[in-house]
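Everything below concerns the one structure shown next.
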Amino acid sequence: MNKRRAAAIAILAVGILLIAAGIYRGEIDAIFKKAVIVCMECIGLG
Amino acid sequence: MADPVFKQKIRRKLIQIAAFGFTNCHAGNFITGKLYNGKFKEFCTPGLNCYSCPAAAVSCPIGSLLAVTGRADLKVSFYVWGFLLAIGAVLGRAVCGFLCPFGLLQDMLGAIPLFKLRLPKALTYVKYVILGAFVIVIPTVLVIATGKSAPLFCKYICPAGTLEGAVPLLLTHEQLRDSAGALFWLKAGILVLVILGCLFVRRFFCKLLCPLGAVYGLLNKVSLYHLTVDKSKCIDCGRCAGCCPMDVDPVKHPRSAECIRCGACRAACPAGAITIGFGDGKKRAGTEEAAEA
């Protein structure tokens, strides 16, 4: 396995671990709450 | 037998349209101005697509990142950074070439037959400054110092949010129109500049401003889905560099941070020296030759 491939797989593994950590911290709920309402400041209206 | 350049363009366009349709499958909401509020909004789309767009079925990764960063109890989004790292490690900027709804809009504008300019290479680094300043450093410093921070990129720059979120919502919600002040007109100006830029520079926003492209571009250096040039087959005709929408010379820089893996160079190569995929280029070329024989 070349170094680039190994690096990509390592980054992928770290990414999956971070996703799991984010879910555990309750980030999904924070994203959901923001995404289902009109976010005035996100679109330059507030 | 169909022209390979035409086949490649059609194949990519179909994938782009499918990705656009999936990401914005609630198009009926443009009439009512309501947002989809189902469970899919918990997930991010790999490309840039405003979650305040009435049609959006999933969340924008940059908006989500800034939403979490802006909360004093969270400060940094493991979930979104993990998502970006995982997607980027597998696909790199193929996301920009195939899955990004705003990328498709830019391609459509770029297809209008006007003269095209090349952006100076130095300007392609602006997107890294935007990523660093508006997405990472300033929001993090603000939330640590004050306990909250605004989604700065979305609020002050993002033309996708203006086009997909602000404009349709202003058209359908009379009460929102009073909120359209100087900030909205600043963002509308940025949107107009981006649209004009896309008419004369292919993928203007991707090259110059997109923080998502910056993240995936850095991961292009190692991504599993990559471009390979077999230099023993290359005849140095320069067709690949000439047709690249991102102004990359794939022979010199097959792992360029700008390459969106669109495949235009592969289709244009008369020697079959360029391959794109997950595996070793030579093995793939061998397989393709065997399949053709």
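Residue numbering restarts at 1 for every chain of the structure tokens, chains are lettered A, B, ... in their displayed order, and ligands are numbered from 1 as they appear.
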
Which range 162-206 of chain B residues have any atom within 12 Å of an atom of range 19-41 of chain B, and for each, what is the nearest pair of atoms with distance in Å to one decimal, counting only C-alpha atoms, rows sorted by chain and number, as a Markdown table?
```
| residue | atom | partner | partner_atom | distance |
| --- | --- | --- | --- | --- |
| B:Glu164 | CA | B:Phe30 | CA | 9.7 |
| B:Gly165 | CA | B:Gly33 | CA | 9.7 |
| B:Ala166 | CA | B:Gly33 | CA | 10.6 |
| B:Val167 | CA | B:Phe30 | CA | 10.3 |
| B:Pro168 | CA | B:Phe30 | CA | 6.5 |
| B:Leu169 | CA | B:Gly33 | CA | 5.8 |
| B:Leu170 | CA | B:Gly33 | CA | 8.8 |
| B:Leu171 | CA | B:Gly33 | CA | 8.2 |
| B:Thr172 | CA | B:Gly33 | CA | 5.4 |
| B:His173 | CA | B:Gly33 | CA | 7.0 |
| B:Glu174 | CA | B:Gly33 | CA | 10.7 |
| B:Leu176 | CA | B:Gly33 | CA | 11.3 |
```

Can you tell me, as a PyMOL selection string, what residues are no more than 6 Å from range 1-12 of chain A when counting only C-alpha atoms, ignoring any on the same chain fewer than 5 positions away? chain B and resi 86+89+222-223

Using only C-alpha atoms, what table do you get, as CSV, when you list each residue of chain A with an atom no more than 7 Å from chain B, its nearest pair of atoms, and their distance in Å rounded to one decimal, rows by chain then rising number?
```
residue,atom,partner,partner_atom,distance
A:Arg4,CA,B:Val222,CA,4.9
A:Arg5,CA,B:Leu224,CA,6.3
A:Ala7,CA,B:Val222,CA,6.5
A:Ala8,CA,B:Ala89,CA,5.0
A:Ile11,CA,B:Ala89,CA,6.1
A:Leu12,CA,B:Ala86,CA,4.4
A:Val14,CA,B:Gly82,CA,7.0
A:Gly15,CA,B:Gly82,CA,3.7
A:Ile16,CA,B:Gly82,CA,6.0
A:Leu18,CA,B:Gly82,CA,4.6
A:Ile19,CA,B:Tyr79,CA,4.1
A:Ala21,CA,B:Phe78,CA,6.3
A:Gly22,CA,B:Tyr79,CA,4.1
A:Ile23,CA,B:Tyr79,CA,6.4
A:Glu27,CA,B:Tyr79,CA,6.7
A:Ile28,CA,B:Glu42,CA,5.5
A:Ala30,CA,B:Val68,CA,6.4
A:Ile31,CA,B:Ser64,CA,5.5
A:Phe32,CA,B:Glu42,CA,4.9
A:Lys34,CA,B:Ala67,CA,6.8
A:Ala35,CA,B:Tyr51,CA,5.4
A:Val36,CA,B:Asn37,CA,4.7
A:Ile37,CA,B:Leu35,CA,6.9
A:Val38,CA,B:Ser52,CA,5.5
A:Cys39,CA,B:Ser52,CA,6.3
A:Glu41,CA,B:Lys155,CA,5.4
A:Cys42,CA,B:Cys154,CA,4.8
A:Ile43,CA,B:Gly161,CA,5.1
A:Gly44,CA,B:Lys155,CA,4.8
A:Leu45,CA,B:Ala180,CA,5.5
A:Gly46,CA,B:Ser179,CA,6.7
```

So how far away is CA of Ile276 in chain B from CA of Arg255 in chain B, in Å? 11.1 Å

Can you tell me, as a PDB file with N, CA and C atoms, in the first residue's frame, what residues are no more than 9 Å from Cys243 in chain B when counting only C-alpha atoms, ignoring any on the same chain fewer than 6 positions away?
```
ATOM      1  N   ALA B 264     -12.800  15.648 -17.958  1.00  0.00           N
ATOM      2  CA  ALA B 264     -12.684  16.290 -19.281  1.00  0.00           C
ATOM      3  C   ALA B 264     -11.330  15.952 -19.912  1.00  0.00           C
ATOM      4  N   CYS B 265     -10.274  15.932 -19.098  1.00  0.00           N
ATOM      5  CA  CYS B 265      -8.929  15.642 -19.618  1.00  0.00           C
ATOM      6  C   CYS B 265      -8.837  14.195 -20.110  1.00  0.00           C
ATOM      7  N   ALA B 268     -10.516  13.898 -23.377  1.00  0.00           N
ATOM      8  CA  ALA B 268      -9.827  14.607 -24.465  1.00  0.00           C
ATOM      9  C   ALA B 268      -8.511  13.950 -24.859  1.00  0.00           C
TER      10      ALA B 268
END
```

Going by DSSP on the backbone, which residues of range 55-146 of chain B come out as alpha helix (DSSP H)? List them as a PyMOL selection string. chain B and resi 61-69+78-91+94+101-110+126-130+138-146

Need the shell around Lys233 in chain B: protein/DNA/RNA residues with any atom at most 6 Å away, counting only C-alpha atoms. Skip same-chain ones fewer than 2 positions apart. Format as a PDB file with N, CA and C atoms, in the first residue's frame?
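Final output, result36.pdb:
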```pdb
ATOM      1  N   ASP B 230      -0.338   8.176 -17.142  1.00  0.00           N
ATOM      2  CA  ASP B 230       0.712   7.237 -17.546  1.00  0.00           C
ATOM      3  C   ASP B 230       1.652   7.984 -18.497  1.00  0.00           C
ATOM      4  N   LYS B 231       2.790   8.411 -17.959  1.00  0.00           N
ATOM      5  CA  LYS B 231       3.680   9.273 -18.754  1.00  0.00           C
ATOM      6  C   LYS B 231       4.324   8.524 -19.920  1.00  0.00           C
ATOM      7  N   ALA B 273      -3.851   8.162 -21.916  1.00  0.00           N
ATOM      8  CA  ALA B 273      -2.831   8.175 -20.855  1.00  0.00           C
ATOM      9  C   ALA B 273      -3.399   8.521 -19.491  1.00  0.00           C
TER      10      ALA B 273
END
```

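Picture a line from CA of Val251 in chain B to CA of Cys237 in chain B; it runs 10.4 Å.
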